[in-house]
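Here is the file input.pdb (PDB, C-alpha atoms).
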ATOM      1  CA  MET A   1       0.000   0.000   0.000
ATOM      2  CA  ILE A   2       2.772   2.428   0.960
ATOM      3  CA  ALA A   3       4.742   1.561  -2.188
ATOM      4  CA  ALA A   4       1.664   2.199  -4.344
ATOM      5  CA  LEU A   5       1.082   5.553  -2.623
ATOM      6  CA  ALA A   6       4.751   6.485  -3.092
ATOM      7  CA  ALA A   7       4.529   5.567  -6.778
ATOM      8  CA  LEU A   8       1.465   7.782  -7.195
ATOM      9  CA  LEU A   9       2.922  10.712  -5.300
ATOM     10  CA  LEU A  10       6.374  10.586  -6.836
ATOM     11  CA  GLY A  11       5.133   9.888 -10.337
ATOM     12  CA  GLY A  12       7.882   9.356 -12.900
ATOM     13  CA  ARG A  13      10.710   9.558 -10.368
ATOM     14  CA  VAL A  14       9.929   6.018  -9.228
ATOM     15  CA  TRP A  15      10.622   4.707 -12.736
ATOM     16  CA  ALA A  16      13.280   7.245 -13.739
ATOM     17  CA  HIS A  17      16.378   5.080 -13.615
ATOM     18  CA  GLY A  18      16.788   3.474 -17.002
ATOM     19  CA  GLY A  19      13.723   4.879 -18.722
ATOM     20  CA  GLY A  20      11.721   7.889 -19.770
ATOM     21  CA  ALA A  21      11.002   9.739 -22.998
ATOM     22  CA  PRO A  22      13.607   9.026 -25.694
ATOM     23  CA  GLN A  23      15.543  12.126 -26.766
ATOM     24  CA  LEU A  24      18.438  10.518 -28.666
ATOM     25  CA  THR A  25      18.575   7.059 -30.192
ATOM     26  CA  ASN A  26      21.986   5.806 -31.325
ATOM     27  CA  GLU A  27      23.050   9.337 -32.242
ATOM     28  CA  PRO A  28      26.541   9.355 -33.844
ATOM     29  CA  ALA A  29      29.105  10.975 -31.516
ATOM     30  CA  GLY A  30      32.676  10.446 -32.730
ATOM     31  CA  PRO A  31      33.634   6.805 -32.088
ATOM     32  CA  TYR A  32      30.398   6.318 -30.103
ATOM     33  CA  THR A  33      26.650   6.380 -30.441
ATOM     34  CA  ILE A  34      24.690   8.006 -27.645
ATOM     35  CA  SER A  35      21.127   7.337 -26.547
ATOM     36  CA  ALA A  36      19.301   9.441 -23.945
ATOM     37  CA  TRP A  37      15.987   9.362 -22.112
ATOM     38  CA  THR A  38      14.439  12.048 -19.865
ATOM     39  CA  ASN A  39      11.954  11.870 -17.051
ATOM     40  CA  PRO A  40       9.450  13.400 -16.279
ATOM     41  CA  ASP A  41       7.684  13.845 -19.568
ATOM     42  CA  PRO A  42       6.944  16.604 -20.322
ATOM     43  CA  PRO A  43       9.840  18.300 -18.542
ATOM     44  CA  ALA A  44       9.019  21.203 -16.221
ATOM     45  CA  VAL A  45      10.957  23.713 -14.133
ATOM     46  CA  GLY A  46      12.588  21.738 -11.336
ATOM     47  CA  ALA A  47      14.257  18.333 -11.348
ATOM     48  CA  LEU A  48      14.819  16.219 -14.454
ATOM     49  CA  HIS A  49      16.375  12.781 -14.560
ATOM     50  CA  LEU A  50      18.493  11.806 -17.569
ATOM     51  CA  THR A  51      19.527   8.268 -18.502
ATOM     52  CA  VAL A  52      22.339   7.849 -21.059
ATOM     53  CA  GLY A  53      23.615   4.849 -22.989
ATOM     54  CA  VAL A  54      26.975   4.835 -24.809
ATOM     55  CA  ALA A  55      27.957   2.258 -27.448
ATOM     56  CA  LEU A  56      30.752   1.787 -29.970
ATOM     57  CA  ALA A  57      29.679   3.246 -33.301
ATOM     58  CA  ASP A  58      31.180   0.467 -35.428
ATOM     59  CA  THR A  59      29.961  -2.569 -33.452
ATOM     60  CA  GLY A  60      27.056  -1.293 -31.324
ATOM     61  CA  GLU A  61      28.691  -2.802 -28.234
ATOM     62  CA  ALA A  62      27.391  -1.099 -25.064
ATOM     63  CA  LEU A  63      30.182   0.482 -23.021
ATOM     64  CA  THR A  64      30.686   1.196 -19.339
ATOM     65  CA  GLU A  65      34.165   2.731 -19.356
ATOM     66  CA  PRO A  66      33.752   6.187 -20.968
ATOM     67  CA  GLN A  67      33.383   9.239 -18.739
ATOM     68  CA  VAL A  68      30.078  10.979 -19.482
ATOM     69  CA  GLU A  69      29.238  14.599 -18.759
ATOM     70  CA  VAL A  70      25.923  16.367 -19.335
ATOM     71  CA  ILE A  71      25.857  20.094 -20.037
ATOM     72  CA  ALA A  72      22.520  21.958 -19.877
ATOM     73  CA  PHE A  73      22.486  25.345 -21.605
ATOM     74  CA  PRO A  74      19.659  27.590 -20.324
ATOM     75  CA  PRO A  75      17.504  29.564 -22.756
ATOM     76  CA  ASP A  76      18.611  32.942 -21.361
ATOM     77  CA  GLY A  77      22.299  32.368 -22.149
ATOM     78  CA  ALA A  78      23.318  32.125 -18.482
ATOM     79  CA  ALA A  79      26.159  29.852 -17.399
ATOM     80  CA  PRO A  80      25.508  26.207 -18.297
ATOM     81  CA  GLN A  81      24.959  23.503 -15.713
ATOM     82  CA  ARG A  82      27.530  20.674 -15.826
ATOM     83  CA  VAL A  83      26.748  17.288 -14.282
ATOM     84  CA  ALA A  84      28.718  14.041 -14.355
ATOM     85  CA  ALA A  85      26.590  11.066 -15.435
ATOM     86  CA  THR A  86      27.503   7.946 -13.463
ATOM     87  CA  HIS A  87      26.436   4.328 -13.081
ATOM     88  CA  GLU A  88      25.235   4.993  -9.528
ATOM     89  CA  GLY A  89      21.557   4.070  -9.249
ATOM     90  CA  ALA A  90      21.440   2.758 -12.824
ATOM     91  CA  LEU A  91      19.103  -0.059 -13.796
ATOM     92  CA  THR A  92      22.001  -1.843 -15.514
ATOM     93  CA  PRO A  93      25.756  -1.179 -15.554
ATOM     94  CA  TYR A  94      25.389   0.001 -19.160
ATOM     95  CA  PHE A  95      23.337   3.068 -18.200
ATOM     96  CA  TYR A  96      24.648   6.366 -16.919
ATOM     97  CA  GLU A  97      22.378   8.486 -14.705
ATOM     98  CA  ALA A  98      22.329  12.250 -14.084
ATOM     99  CA  ASP A  99      19.962  14.678 -12.402
ATOM    100  CA  LEU A 100      19.532  18.210 -13.715
ATOM    101  CA  LEU A 101      17.734  21.166 -12.161
ATOM    102  CA  PHE A 102      15.937  23.530 -14.529
ATOM    103  CA  SER A 103      15.589  27.046 -13.158
ATOM    104  CA  ALA A 104      13.481  28.528 -15.957
ATOM    105  CA  PRO A 105      11.073  27.478 -18.690
ATOM    106  CA  GLY A 106      12.063  27.611 -22.355
ATOM    107  CA  ALA A 107      14.200  25.785 -24.899
ATOM    108  CA  TRP A 108      17.223  24.211 -23.176
ATOM    109  CA  ARG A 109      20.089  22.663 -25.155
ATOM    110  CA  ILE A 110      21.289  19.429 -23.558
ATOM    111  CA  GLN A 111      24.734  18.249 -24.648
ATOM    112  CA  ILE A 112      26.156  14.858 -23.706
ATOM    113  CA  GLU A 113      29.925  14.342 -23.930
ATOM    114  CA  ALA A 114      31.608  10.932 -23.796
ATOM    115  CA  ARG A 115      35.376  10.489 -23.347
ATOM    116  CA  GLY A 116      37.186   7.166 -23.311
ATOM    117  CA  VAL A 117      40.067   5.178 -24.747
ATOM    118  CA  GLU A 118      38.245   5.117 -28.118
ATOM    119  CA  GLY A 119      38.218   8.925 -28.258
ATOM    120  CA  GLU A 120      35.729  11.712 -27.638
ATOM    121  CA  GLY A 121      32.270  12.419 -28.956
ATOM    122  CA  ASN A 122      29.236  14.495 -28.166
ATOM    123  CA  ALA A 123      25.592  14.662 -29.104
ATOM    124  CA  ALA A 124      22.930  17.225 -28.237
ATOM    125  CA  PHE A 125      19.188  17.723 -28.259
ATOM    126  CA  MET A 126      16.769  20.548 -27.510
ATOM    127  CA  LEU A 127      14.363  20.162 -24.628
ATOM    128  CA  THR A 128      11.363  22.418 -24.120
ATOM    129  CA  VAL A 129      10.879  22.956 -20.399
ATOM    130  CA  ARG A 130       7.449  24.191 -19.272
ATOM    131  CA  GLU A 131       6.446  26.134 -16.177
ATOM    132  CA  ALA A 132       6.123  24.043 -13.041
ATOM    133  CA  THR A 133       2.564  23.095 -12.155
ATOM    134  CA  PRO A 134       1.225  22.218  -8.727
ATOM    135  CA  ASN A 135       1.269  18.535  -7.838
ATOM    136  CA  TYR A 136      -2.496  18.058  -7.719
ATOM    137  CA  LEU A 137      -2.164  14.385  -6.836
ATOM    138  CA  LEU A 138      -0.077  15.240  -3.774
ATOM    139  CA  TRP A 139      -2.489  17.964  -2.654
ATOM    140  CA  GLY A 140      -5.425  15.596  -3.210
ATOM    141  CA  ALA A 141      -3.760  12.907  -1.091
ATOM    142  CA  VAL A 142      -3.037  15.436   1.687
ATOM    143  CA  GLY A 143      -6.663  16.649   1.549
ATOM    144  CA  LEU A 144      -8.008  13.110   1.669
ATOM    145  CA  GLY A 145      -5.739  12.307   4.627
ATOM    146  CA  LEU A 146      -7.010  15.387   6.458
ATOM    147  CA  VAL A 147     -10.648  14.411   5.845
ATOM    148  CA  VAL A 148     -10.000  10.869   7.102
ATOM    149  CA  ALA A 149      -8.180  12.209  10.200
ATOM    150  CA  LEU A 150     -11.051  14.585  10.996
ATOM    151  CA  TRP A 151     -13.616  11.830  10.477
ATOM    152  CA  LEU A 152     -11.704   9.441  12.766
ATOM    153  CA  GLY A 153     -11.346  12.177  15.379
ATOM    154  CA  TRP A 154     -15.079  12.812  15.301
ATOM    155  CA  ILE A 155     -15.843   9.076  15.554
ATOM    156  CA  LEU A 156     -13.448   8.534  18.462
ATOM    157  CA  PHE A 157     -13.799  11.775  20.415
ATOM    158  CA  GLY A 158     -16.556  13.962  19.089
ATOM    159  CA  GLN A 159     -19.814  12.010  19.267
ATOM    160  CA  PRO A 160     -22.425  13.380  21.635
ATOM    161  CA  ALA A 161     -22.707  11.459  24.878
ATOM    162  CA  SER A 162     -25.709   9.171  25.296
ATOM    163  CA  LYS A 163     -28.385   9.911  27.974
ATOM    164  CA  ASP A 164     -26.894   7.225  30.247
ATOM    165  CA  GLU A 165     -23.425   8.802  29.993
ATOM    166  CA  LYS A 166     -24.834  12.293  30.682
ATOM    167  CA  THR A 167     -26.633  10.987  33.755
ATOM    168  CA  ARG A 168     -23.451   9.411  35.112
ATOM    169  CA  MET A 169     -21.451  12.594  34.488
ATOM    170  CA  GLY A 170     -23.758  15.021  36.000
TER
END

Final structure tokens representation of the file:
Amino acid sequence: MIAALAALLLGGRVWAHGGGAPQLTNEPAGPYTISAWTNPDPPAVGALHLTVGVALADTGEALTEPQVEVIAFPPDGAAPQRVAATHEGALTPYFYEADLLFSAPGAWRIQIEARGVEGEGNAAFMLTVREATPNYLLWGAVGLGLVVALWLGWILFGQPASKDEKTRMG
């Protein structure tokens, strides 16, 4: 029950590692191909999870050795955000995971750089980030919990005393 509630409240974050909306699929990047998925979909101001896969371009063999960095360029031209993508928390050892934080809505350029013994390569995609919206599911769950708590309080403590109880009290 608690796991189901957590899945509902957290939404895509529960399933973020190793999945999401495809942004790149075997995109050529020097000696590599890069694939990338984002979650949540659609992206909004706030946290975004990025999963990356790197493979050799000539054989398609998935790699775990290259160093992967993600660079997010904001729409207003401010300083980019740089994040190392790692295997920590990945669904398989062939995925790299990174978390970005979007500070503003608009068209963000996301660049993924891979460096390894085979060489260097990069691939990029544009990501339209929308304004953050309230988490209606969370607020609904909080409201429902409050109603249940009030109802239980009334049942346990708030019912009028019966005539027999009033007679004994007074």

* Asked: Residues at most 6 Å from region 22-29 of chain A, counting only C-alpha atoms, excluding those fewer than 6 positions away in the same chain, as a ChimeraX atom specification?
  -> /A:35-37,121-123

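Nearest to Glu97 (chain A) of all the residues A:Leu50, A:Ala141, A:Leu127, A:Val70 is A:Leu50, counting all atoms listed in the file.
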
* Would you kindly return, as number ranges by chain, each protein, DNA or RNA residue with an atom no farther than 10 Å from any atom of Thr64 (chain A), considering only C-alpha atoms and excluding same-chain residues fewer than 4 positions away? => A: 53-55, 68, 86-87, 92-96, 116

* Please, what distance in Å, to one decimal, runs between CA of Thr128 (chain A) and CA of Thr33 (chain A)? ->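 Distance reported for this atom pair: 23.0 Å.
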
* Asked: Where does the PyMOL selection byres ((chain A and resi 42) around 10) land in this file, that is, which residues does it pick, as a VMD selection string?
  -> chain A and resid 20 to 21 38 to 41 43 to 44 48 127 to 130

* What is the CA of Trp154 (chain A) to CA of Gly140 (chain A) distance in Å? -> 21.1 Å

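For the pair CA of Arg115 (chain A) and CA of Pro66 (chain A), the interatomic distance is 5.2 Å.
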
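Proximity of A:Ala98, A:Val52, A:Glu65, A:Ala57 to Val117 (chain A), computed with all atoms listed in the file, is greatest for A:Glu65.
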
Incomplete region 139-161 of chain A filled out to N, CA and C atoms as a compact mmCIF listing (two decimals), keeping the file's coordinate frame:
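rebuild22.txt, written as the output of this step:
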# COMPACT_ATOMS: atom_id res chain seq x y z
N TRP A 139 -1.54 17.16 -3.42
CA TRP A 139 -2.49 17.96 -2.65
C TRP A 139 -3.78 17.20 -2.41
N GLY A 140 -4.22 16.42 -3.39
CA GLY A 140 -5.42 15.60 -3.21
C GLY A 140 -5.23 14.55 -2.13
N ALA A 141 -4.05 13.92 -2.11
CA ALA A 141 -3.76 12.91 -1.09
C ALA A 141 -3.70 13.55 0.30
N VAL A 142 -3.10 14.73 0.40
CA VAL A 142 -3.04 15.44 1.69
C VAL A 142 -4.46 15.79 2.14
N GLY A 143 -5.27 16.30 1.22
CA GLY A 143 -6.66 16.65 1.55
C GLY A 143 -7.45 15.44 2.00
N LEU A 144 -7.31 14.33 1.29
CA LEU A 144 -8.01 13.11 1.67
C LEU A 144 -7.55 12.63 3.05
N GLY A 145 -6.25 12.69 3.31
CA GLY A 145 -5.74 12.31 4.63
C GLY A 145 -6.31 13.18 5.73
N LEU A 146 -6.44 14.47 5.48
CA LEU A 146 -7.01 15.39 6.46
C LEU A 146 -8.47 15.06 6.73
N VAL A 147 -9.24 14.78 5.68
CA VAL A 147 -10.65 14.41 5.84
C VAL A 147 -10.77 13.13 6.67
N VAL A 148 -9.95 12.13 6.36
CA VAL A 148 -10.00 10.87 7.10
C VAL A 148 -9.63 11.10 8.57
N ALA A 149 -8.59 11.92 8.82
CA ALA A 149 -8.18 12.21 10.20
C ALA A 149 -9.29 12.92 10.97
N LEU A 150 -9.94 13.89 10.34
CA LEU A 150 -11.05 14.58 11.00
C LEU A 150 -12.21 13.64 11.27
N TRP A 151 -12.52 12.79 10.32
CA TRP A 151 -13.62 11.83 10.48
C TRP A 151 -13.31 10.88 11.63
N LEU A 152 -12.09 10.34 11.67
CA LEU A 152 -11.70 9.44 12.77
C LEU A 152 -11.74 10.16 14.11
N GLY A 153 -11.29 11.40 14.14
CA GLY A 153 -11.35 12.18 15.38
C GLY A 153 -12.77 12.37 15.85
N TRP A 154 -13.67 12.63 14.95
CA TRP A 154 -15.08 12.81 15.30
C TRP A 154 -15.66 11.50 15.81
N ILE A 155 -15.34 10.39 15.14
CA ILE A 155 -15.84 9.08 15.55
C ILE A 155 -15.32 8.72 16.95
N LEU A 156 -14.05 8.95 17.19
CA LEU A 156 -13.45 8.53 18.46
C LEU A 156 -13.70 9.50 19.61
N PHE A 157 -13.76 10.80 19.32
CA PHE A 157 -13.80 11.78 20.42
C PHE A 157 -14.97 12.75 20.36
N GLY A 158 -15.62 12.86 19.25
CA GLY A 158 -16.56 13.96 19.09
C GLY A 158 -18.02 13.61 19.09
N GLN A 159 -18.39 12.36 19.29
CA GLN A 159 -19.81 12.01 19.27
C GLN A 159 -20.47 12.49 20.55
N PRO A 160 -21.71 12.95 20.43
CA PRO A 160 -22.42 13.38 21.64
C PRO A 160 -22.60 12.21 22.59
N ALA A 161 -22.54 12.50 23.87
CA ALA A 161 -22.71 11.46 24.88
C ALA A 161 -24.16 10.99 24.90
